[in-house]
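J.: Handing you a structure now.
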Amino acid sequence: MRVAILTVSDRSFRGEREDEGGPAVARAAVRLLSAVVVETAIVPDEKDDITWHLRRLADTQAADLILTTGGTGLAPRDVTPQATLAAIDYAVPGLAEQMRAETRVAVPTAVLARQVVGVRERTLIVNLPGSPRGAVECLEAIAAVLPHAVASLRGEVLHPVSGETV
């Protein structure tokens, strides 16, 4: 599975803060999904910039899965969900619901998270929180179904129990 990671952070983009979320998500993607990280980037909290990168990665088929980290809160500059909605062809709400459900027990404010999950072309796009720990926990919450989702988008059929192509 080819994964691209997009960190959304004004301060990291300007070099004022080290990006810890992107590297944490990359390590988790390799560990949980045996993924190959094909690209990482840091972009500012600007809707048009985020949307452009999501479209570019999906339209060029550079990645099977795009994971964003950051910009999913309630602050006025948190525009990752809006940018994702502008880029996707359709939403996959169950994955976003699963992330919130799994993390809300430990972090009650997780219900305020606005992660969006959707598809553009044949690429799955998943918004993760900006906190490295929160991002990894959310990825862990949905990792088991991501290979099936990616295979479905590729037009492959996986056996729901064994995970083998049938």
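A note on labels: chains of the structure tokens are A, B, ... as shown, every chain counts residues from 1, and ligands are counted from 1 in their shown order.
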Give me, as a list in words, all polymer residues having an atom no more than 6 Å from stretch 112-129 of chain A, counting only C-alpha atoms and skipping those fewer than 5 positions away in the same chain.

T.: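 Once the nearby chain positions are removed, what remains is Ala58, Asp64, Leu65, Ile66, Leu67, Thr68, Thr69, Gly70, Thr72, Gly73, Pro81, Ile88, Asp89, Tyr90, Ala91, Val92, Ala96, Gly134, Ala135 and Leu153 of chain A.
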
J.: Give me, as a PyMOL selection string, all polymer residues having an atom no more than 10 Å from A:Ala26, counting only C-alpha atoms and skipping those fewer than 2 positions away in the same chain.

T.: chain A and resi 3-5+21-24+28-32+35-40+67+136

J.: Can you list every residue in stretch 2-90 of chain A that DSSP puts in strand (DSSP E), as an NGL selection string?

T.: :A and (2-8 or 36-43 or 65-69 or 90)

J.: Those residues with C-alpha atoms, as a PDB file, in the first residue's frame please?

T.:
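Wrote again.pdb, looks like this:
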ATOM      1  CA  ARG A   2       1.418   3.365  -1.046  1.00  0.00           C
ATOM      2  CA  VAL A   3       0.790   6.100   1.520  1.00  0.00           C
ATOM      3  CA  ALA A   4       1.277   9.862   1.317  1.00  0.00           C
ATOM      4  CA  ILE A   5       1.284  11.951   4.473  1.00  0.00           C
ATOM      5  CA  LEU A   6       0.285  15.590   4.560  1.00  0.00           C
ATOM      6  CA  THR A   7       0.980  17.553   7.745  1.00  0.00           C
ATOM      7  CA  VAL A   8      -1.239  20.621   8.039  1.00  0.00           C
ATOM      8  CA  VAL A  36       5.433   2.301   1.666  1.00  0.00           C
ATOM      9  CA  VAL A  37       5.489   6.030   2.372  1.00  0.00           C
ATOM     10  CA  VAL A  38       5.793   7.607  -1.067  1.00  0.00           C
ATOM     11  CA  GLU A  39       5.582  11.262  -0.067  1.00  0.00           C
ATOM     12  CA  THR A  40       5.467  13.531   2.942  1.00  0.00           C
ATOM     13  CA  ALA A  41       4.745  17.243   2.884  1.00  0.00           C
ATOM     14  CA  ILE A  42       4.001  20.068   5.268  1.00  0.00           C
ATOM     15  CA  VAL A  43       1.441  22.648   4.205  1.00  0.00           C
ATOM     16  CA  LEU A  65      -4.024   6.245   0.823  1.00  0.00           C
ATOM     17  CA  ILE A  66      -3.480   9.858   1.853  1.00  0.00           C
ATOM     18  CA  LEU A  67      -3.247  10.528   5.571  1.00  0.00           C
ATOM     19  CA  THR A  68      -3.487  14.107   6.762  1.00  0.00           C
ATOM     20  CA  THR A  69      -2.540  15.160  10.272  1.00  0.00           C
ATOM     21  CA  TYR A  90     -17.717  10.911  -1.840  1.00  0.00           C
TER      22      TYR A  90
END

J.: Do a neighbour search on stretch 109-111 of chain A at 9 Å with only C-alpha atoms, toss out local chain neighbours closer than 6 positions, and write the hits as number ranges by chain.

T.: A: 99-101, 103, 134

J.: How far is it from atom CA of A:Asp45 to atom CA of A:Glu137, in Å with one decimal?

T.: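 Separation of atom CA of A:Asp45 and atom CA of A:Glu137: 22.3 Å.
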
J.: In Å to one decimal, how far is atom CA of A:Val25 from atom CA of A:His53?

T.: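 Straight-line distance from atom CA of A:His53 to atom CA of A:Val25 works out to 17.5 Å.
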
J.: Write down as number ranges by chain the residues belonging to stretch 21-127 of chain A that are assigned helix (DSSP H, G or I) by DSSP computed on the backbone.

T.: A: 21-33, 47-59, 80-87, 93-103, 108-112

J.: Quick check, in Å to one decimal: how far apart do atom CA of A:Val105 and atom CA of A:Ser131 lie?

T.: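 Between these atoms lies a distance of 16.6 Å.
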
J.: I want to know what sits within 6 Å of A:Gly71, based on only C-alpha atoms, with residues of the same chain fewer than 4 positions away left out; could you give that as a list in words?

T.: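 Contacts, with the query itself left out: Asp78, Val79 and Thr80 of chain A.
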
J.: Could you write out the selected residues, including C-alpha atoms, as a CSV table (one decimal), in the first residue's frame?

T.:
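So result.csv came out as:
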chain,number,residue,atom,x,y,z
A,78,ASP,CA,-8.6,24.4,11.3
A,79,VAL,CA,-9.8,23.9,7.7
A,80,THR,CA,-8.5,20.4,6.8

J.: I need the residue nearest A:Leu57 from this list: A:Arg77, A:Ala143, A:Gln98, A:Ala87. Use only C-alpha atoms for the distance.

T.: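 Result for the nearest residue to A:Leu57: A:Ala87.
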